[in-house]
Every structure is written in structure tokens, then in C-alpha cells.
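Novice: Here it is, the structure in full.
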Amino acid sequence: MLGAVLTAAVTPFDESGGVDEAAYRALVRRLLDSGSDGIVVAGTTGEASTLSDVERIALFEAGREETRGRGTMVAGTGSNDTAHSVHLTQVAAELGADAVLVVTPITTSPPPRASGATWRPSQRWGCPSCSTTSPGARR
């Protein structure tokens with residue numbers, strides 16, 4: 001089980017607009033100390049779609065390091081590009097994510113049978129997946 005309370009951690013940025021990893025690590029520790037069973041890294045709450053792969057993967061690494069032995073780390077690997085999502089899922093699994101959060105493509109509306117292409121690959125790496133949608137983004 002992933003836990004009862006998983007908090008979608010925001011990504012703090014520094015004054016120059018870069019990811020503030022020290023502040024992120026402090027936030028993760030505070031969330032765990034405050035009763036969260038784990039965190040969701042780079043989920044669908046806002047900034048994930050604007051992070052570079054380098055930034056997102058650095059957050060996965062920091063999240064895994066801070067939660068190891070203390071809580072669950074779910075990595076947000078969703079993308080509008082299925083191949084990109086599969087790549088991020090593989091990286092997250094290799095870094096030890098407890099699960100991945102995959103959003104079906106936001107700006108397109110694939111049929112339900114095709115949506116599985118974004119989350120099924122996580123099974124290759126033994127990483128459970130949680131699927132989500134953003135229906136408000138589709139018009």
C-alpha cells in the first residue's frame with residue numbers, strides 16, 4: 001500500500017527561476033514530519049509540465065533520498081508525448097520510485113484503449129502506476 005495520505009509537493013523555485021532543491025528537500029521532510037505517508041513529486045498540480053527533464057529527474061532523486069525509509073515517493077511521469085512519459089517512467093522506476101503517476105495526454109483525447117499505452121509500460125520495471133486525467137483541460 002502506498003499510504004493513506006500522500007501529499008502533492010509543490011516545487012519551490014529560487015529568485016532566478018531555478019528549482020530550489022534545498023527548499024524542496026526541507027519541504028519533503030516537513031511533510032513527512034507532519035504526518036504525510038509520502039509525497040507525489042512533479043504531479044499534475046501545476047509546474048510539472050514546465051520542468052525540464054533534468055529538473056524533474058533531480059526532483060525524483062531528491063524525493064527518493066528524503067523519503068527512503070520514511071515514506072512513499074510517487075513520481076509524476078505524465079506527458080503529452082507517450083514516448084516521453086514512458087522514458088520518465090523508466091527513469092523513475094530505476095531511481096526507486098514506489099509508484100508513478102501518469103496523466104493521460106492533456107491536449108489530446110485518446111480513446112480509452114489507447115490511454116493504457118501511457119501507464120502500462122511501468123509494469124515492465126515493476127513499478128505500480130496510478131492513472132489520472134485532467135478533463136477540464138480538454139475542450
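Here, A, B, ... name the chains of the C-alpha cells in the order displayed, residue numbers run from 1 inside each chain, and ligands are numbered from 1 in the same displayed order.
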Quick one: residues within 8 Å of Val5 (chain A), only C-alpha atoms, excluding same-chain residues fewer than 6 positions away - as a list in words?
Specialist: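 The residues that qualify are Gly35, Ser36, Asp37 and Gly38 of chain A.
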Novice: For the contact check between region 49-68 of chain A and region 91-104 of chain A, emit one row per residue of region 49-68 of chain A within 9 Å, containing the shortest atom pair and the distance in Å rounded to one decimal, counting only C-alpha atoms, chain then rising number order, as a Markdown table.
Specialist:
| residue | atom | partner | partner_atom | distance |
| --- | --- | --- | --- | --- |
| A:Ile57 | CA | A:Ala92 | CA | 7.6 |
| A:Phe60 | CA | A:Ala92 | CA | 6.7 |
| A:Glu61 | CA | A:Leu95 | CA | 6.7 |
| A:Gly63 | CA | A:Ala97 | CA | 8.9 |
| A:Arg64 | CA | A:Ala97 | CA | 6.7 |
Novice: My list of candidates is A:Thr67, A:Ser85, A:Asn80, A:Leu59. Which is closest to Val41 (chain A) when distances are computed with only C-alpha atoms?
Specialist: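 When distances to Val41 (chain A) are compared using only C-alpha atoms, the smallest one comes from A:Leu59.
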Novice: Would you work out the distance separating CA of Leu6 (chain A) from CA of Met73 (chain A), expressed in Å to one decimal?
Specialist: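 Between CA of Leu6 (chain A) and CA of Met73 (chain A) the gap is 8.5 Å.
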Novice: Would you mind telling me which residue in A:Ala75, A:Ala62, A:Ile39, A:Val86 lies nearest to Ala23 (chain A) when using only C-alpha atoms?
Specialist: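 Using only C-alpha atoms, the shortest distance to Ala23 (chain A) belongs to A:Ala62.
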Novice: For Ser49 (chain A), list every protein, DNA or RNA residue within 10 Å, evaluated using only C-alpha atoms, and leave out those in the same chain fewer than 2 positions away; present the list as a ChimeraX atom specification.
Specialist: /A:42-47,51-53,56,76-80
Novice: Which residue gives the smallest distance to Asp20 (chain A) among A:Ala58, A:Glu65, A:Thr89, A:His84, with only C-alpha atoms counted?
Specialist: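 Looking only at the distances to Asp20 (chain A), the closest residue turns out to be A:Ala58.
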Novice: Quote the spacing between CA of Arg29 (chain A) and CA of Glu15 (chain A) in Å to one decimal place.
Specialist: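 Result for CA of Arg29 (chain A) versus CA of Glu15 (chain A): 22.0 Å, one decimal.
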Novice: Here is a test: counting only C-alpha atoms, which residue of A:Val19, A:Ala48, A:Val40, A:Arg30 is nearest to Thr7 (chain A)?
Specialist: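 For Thr7 (chain A), the nearest of the given residues is A:Val40.
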